[in-house]
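Trainee: Dumping the structure here so I can ask a few things about it.
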Amino acid sequence: MLKLLLLSLFISFPCYAQEPSDWMLAKEKNGITVYTRTLPNSDYKEFKGEVNITANLAELLTFIKEPKNCPDWQYKCIYQLQLTDGYIYKLSNLPWPLNNRYTVMYSDEKFNLQTQIHTLKLKNIPRDLLPENIKKQLPAEGNTVQMRTSDGYWKLDLSHAPNIHITHQMHGDPAGVIPASLANLGVINAAFVSLDNLRRKFVLP
């Protein structure tokens, strides 16, 4: 019962006593806009990337959620596994001598018919709080490290279809000894490279 209570608390997105700082423009190129901001109680910045593409929603979602596609477009992705019950495992590359990082994210997918917005929320769950059946599906940790947090969403606005406005927002804490100054440089690339690769996949010939 205690583990279930803790899991429900982690799945719920955090509420802070104080407000985050305002979004600051970090990069604008190829039709992609990337913003960052500082959150209370964290040295690591949150990012928000936005881009417009013309695509079929079903094809776009299939591509985004297909694990084998991850290394082709997501920044630093080594590989991704689709687990049962809405859980996703993703391993990301960090340069030597840092250990590679992984996340085990619970995904919650919803479509709002009134606003025409399709949202895929992602929440990293600590390994020791995962259900037993999910733990059994995970690769051995070896020398990898689970990120402390990796939380956010994909938001697909279809109100001007076939044009889709994509917003990708995430906040991560890599855990370990990675300096915040170094990690905060990486979040801009994490947003821009992933969205730019996604844009290129759906550019009309």
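Convention: chains lettered A, B, ... in structure tokens order; per-chain residue numbering from 1; ligands numbered from 1 as shown.
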As a count of residues only, please: every residue in chain A that DSSP puts in strand (DSSP E or B).
Mentor: 78
Trainee: Fewer than 4 positions away in the same chain doesn't count, so skip those; otherwise give me all residues within 12 Å of segment 174-190 of chain A, counting only C-alpha atoms, as a PyMOL selection string.
Mentor: chain A and resi 24-29+32-38+42-49+73-77+92-103+124+126+144-151+168-170+194-197
Trainee: Identify which of the residues A:Ile64, A:Ile134, A:Leu57, A:Leu81 lies closest to Ile117 of chain A, counting only C-alpha atoms when measuring atom-to-atom distances.
Mentor: A:Leu57
Trainee: For Ser159 of chain A, list every protein, DNA or RNA residue within 9 Å, evaluated using only C-alpha atoms, and leave out those in the same chain fewer than 6 positions away; present the list as an MDAnalysis selection string.
Mentor: chainID A and resid 115:117 165
Trainee: In Å, how far is it from atom CA of Arg199 of chain A to atom CA of Val51 of chain A?
Mentor: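 Pair atom CA of Arg199 of chain A / atom CA of Val51 of chain A returns 7.8 Å.
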